[in-house]
Amino acid sequence: MKSTPAMELFLRRAQPALIDVPTQLQELYEFSRAVEDFSPLFRRWLISSDRDRADALLYEAFNADGPTASALTVLEQRSQGVLDFRAISLWNGAESASENATLSSRANAVGRPDTVEFSLRLEPEVTDWQTPVSWLKKAVSIWHPNAATFGPFWYSHHKVFEDRLGASWMLYLPRVLNPRQVPEARALVPVLGDCGKGRDKQLGTIIVSVTDGPFSDENPEHVRIANAIEIRLVDQDLLPRFADL
């Protein structure tokens with residue numbers, strides 16, 4: 001079975017106790033606007049349910065103006081009394097497994113990092129590397145993560161270091177990198193952001209392992225390049241451990 005591509009972000013908020021349901025859902029709405037032009041399958045998002053399909057089709061997450069009142073009410077009710085962990089999970093309501101996409105945000109009050117995940121199983125698949133780069137740039141502008149990845153879900157079985165992030169197709173790090181530091185990368189894309197003084201500064205770098213087509217965890221050459229990037233980064237103490245995220 002072909003591995004589903006996914007984007008995953010890891011972040012620690014300055015004031016985790018202040019992140020409420022409206023803020024969390026508004027962040028997901030802002031990201032949804034950035035990906036909706038890629039496919040009609042990304043223009044409708046619903047609140048996921050653990051019950052049945054009928055229940056999972058009840059509540060639209062967004063309208064043209066942002067989060068819907070019904071979605072906010074349902075999510076506020078679900079999170080009542082939850083103090084340590086809150087998850088918001090959305091899906092696109094697709095009938096076919098080959099058209100399915102999910103978007104989720106997990107907020108942890110203490111200890112562990114927050115995570116955001118965007119998973120998509122589409123036909124045709126994402127083939128142009130600049131498309132997920134644009135998604136990552138938007139995600140960085142919203143969440144300012146400590147690290148982020150994009151690539152096949154099962155690449156985690158091929159990475160070199162079990163306790164660290166894998167390079168996969170793309171790896172974002174909040175630091176300025178140059179080709180001499182990562183010569184194995186096929187592209188290093190600077191991510192810019194407002195420094196608060198009316199001009200942009202570089203927030204970080206997206207390391208791209210493959211640019212001539214979609215990354216495949218079934219392609220030995222793709223895996224070799226990603227592994228080489230991981231080793232190069234570890235040699236410079238630049239590849240984060242999960243425990244440090």
# chains A, B, ... in the order shown; residues from 1 in each chain; ligands from 1
>>> select_by_dssp(residues="segment 12-238 of chain A", states="alpha helix (DSSP H)", output="PyMOL selection string")
chain A and resi 21-35+53-56+69-78+130-143+220-235
>>> write_last_selection(atoms="C-alpha atoms", output="short mmCIF file (atom, residue, chain, number, x, y, z; two decimals), in the first residue's frame")
data_model
loop_
_atom_site.label_atom_id
_atom_site.label_comp_id
_atom_site.auth_asym_id
_atom_site.auth_seq_id
_atom_site.Cartn_x
_atom_site.Cartn_y
_atom_site.Cartn_z
CA VAL A 21 -10.72 26.43 21.03
CA PRO A 22 -11.48 29.57 18.96
CA THR A 23 -7.77 30.32 18.56
CA GLN A 24 -6.94 26.74 17.66
CA LEU A 25 -9.73 26.50 15.08
CA GLN A 26 -8.91 29.93 13.61
CA GLU A 27 -5.34 28.75 12.96
CA LEU A 28 -6.64 25.72 11.08
CA TYR A 29 -8.97 27.96 9.07
CA GLU A 30 -6.08 30.21 8.01
CA PHE A 31 -4.12 27.19 6.82
CA SER A 32 -7.14 25.73 4.99
CA ARG A 33 -7.36 28.90 2.91
CA ALA A 34 -3.75 28.40 1.80
CA VAL A 35 -4.35 24.88 0.43
CA ARG A 53 -20.18 8.60 9.30
CA ALA A 54 -23.53 10.35 9.68
CA ASP A 55 -22.35 12.08 12.83
CA ALA A 56 -19.07 13.06 11.12
CA ALA A 69 -20.67 28.95 15.27
CA SER A 70 -21.81 25.31 15.30
CA ALA A 71 -18.23 24.00 15.06
CA LEU A 72 -17.09 26.24 17.91
CA THR A 73 -20.02 25.14 20.07
CA VAL A 74 -19.42 21.43 19.46
CA LEU A 75 -15.69 21.68 20.09
CA GLU A 76 -16.16 23.78 23.23
CA GLN A 77 -18.55 21.14 24.58
CA ARG A 78 -16.13 18.31 23.77
CA GLN A 130 7.07 23.84 -4.79
CA THR A 131 3.45 23.16 -3.82
CA PRO A 132 4.18 21.62 -0.40
CA VAL A 133 6.92 24.23 0.06
CA SER A 134 4.24 26.92 -0.20
CA TRP A 135 2.11 25.02 2.33
CA LEU A 136 5.02 24.78 4.75
CA LYS A 137 5.73 28.50 4.40
CA LYS A 138 2.13 29.31 5.30
CA ALA A 139 2.21 26.88 8.22
CA VAL A 140 5.38 28.50 9.57
CA SER A 141 3.78 31.94 9.38
CA ILE A 142 0.81 30.70 11.44
CA TRP A 143 2.42 28.41 14.02
CA PRO A 220 16.08 3.56 -2.61
CA GLU A 221 17.75 6.64 -4.11
CA HIS A 222 15.26 8.98 -2.46
CA VAL A 223 15.76 7.26 0.88
CA ARG A 224 19.55 7.41 0.45
CA ILE A 225 19.47 11.18 -0.12
CA ALA A 226 17.22 11.80 2.88
CA ASN A 227 19.41 9.59 5.08
CA ALA A 228 22.52 11.45 3.95
CA ILE A 229 20.89 14.76 4.89
CA GLU A 230 20.07 13.40 8.35
CA ILE A 231 23.65 12.24 8.93
CA ARG A 232 25.03 15.57 7.72
CA LEU A 233 22.74 17.50 10.08
CA VAL A 234 23.55 15.28 13.07
CA ASP A 235 27.28 15.80 12.45
#
>>> closest_residue(among="A:Thr149, A:Gln236, A:Ser156, A:Ser48", to="Val208 of chain A", atoms="only C-alpha atoms")
A:Thr149
>>> closest_residue(among="A:Leu46, A:Thr68, A:Arg13, A:Asp20", to="Gln80 of chain A", atoms="only C-alpha atoms")
A:Asp20
>>> atom_distance(atom1="atom CA of Phe153 of chain A", atom2="atom CA of Ala187 of chain A")
21.2 Å
>>> select_by_dssp(residues="segment 2-208 of chain A", states="strand (DSSP E or B)", output="MDAnalysis selection string")
chainID A and resid 5:11 46:47 60 62:63 66:67 85:91 100:108 114:121 147:152 164 170:173 187:194 200:208
>>> atom_distance(atom1="atom CA of Trp154 of chain A", atom2="atom CA of Phe215 of chain A")
11.6 Å
>>> closest_residue(among="A:Asp217, A:Ser96, A:His144, A:Val126", to="Ala167 of chain A", atoms="only C-alpha atoms")
A:Asp217
>>> closest_atom_pairs(of="segment 114-169 of chain A", to="segment 4-11 of chain A", cutoff="8 Å", atoms="only C-alpha atoms", output="tab-separated table")
residue	atom	partner	partner_atom	distance
A:Asp114	CA	A:Leu11	CA	5.2
A:Thr115	CA	A:Phe10	CA	4.8
A:Val116	CA	A:Leu9	CA	5.1
A:Glu117	CA	A:Glu8	CA	4.5
A:Phe118	CA	A:Met7	CA	5.0
A:Ser119	CA	A:Ala6	CA	4.2
A:Leu120	CA	A:Pro5	CA	6.0
A:Arg121	CA	A:Thr4	CA	5.5
A:Leu136	CA	A:Met7	CA	7.9
A:Trp143	CA	A:Leu11	CA	7.2
A:His144	CA	A:Leu11	CA	7.0
A:Pro145	CA	A:Leu11	CA	4.3
A:Asn146	CA	A:Leu11	CA	5.2
A:Ala147	CA	A:Phe10	CA	5.5
A:Ala148	CA	A:Leu9	CA	4.3
A:Thr149	CA	A:Glu8	CA	5.4
A:Phe150	CA	A:Met7	CA	4.2
A:Gly151	CA	A:Pro5	CA	4.9
A:Pro152	CA	A:Pro5	CA	4.1
A:Phe153	CA	A:Thr4	CA	5.5
A:Trp154	CA	A:Thr4	CA	7.7
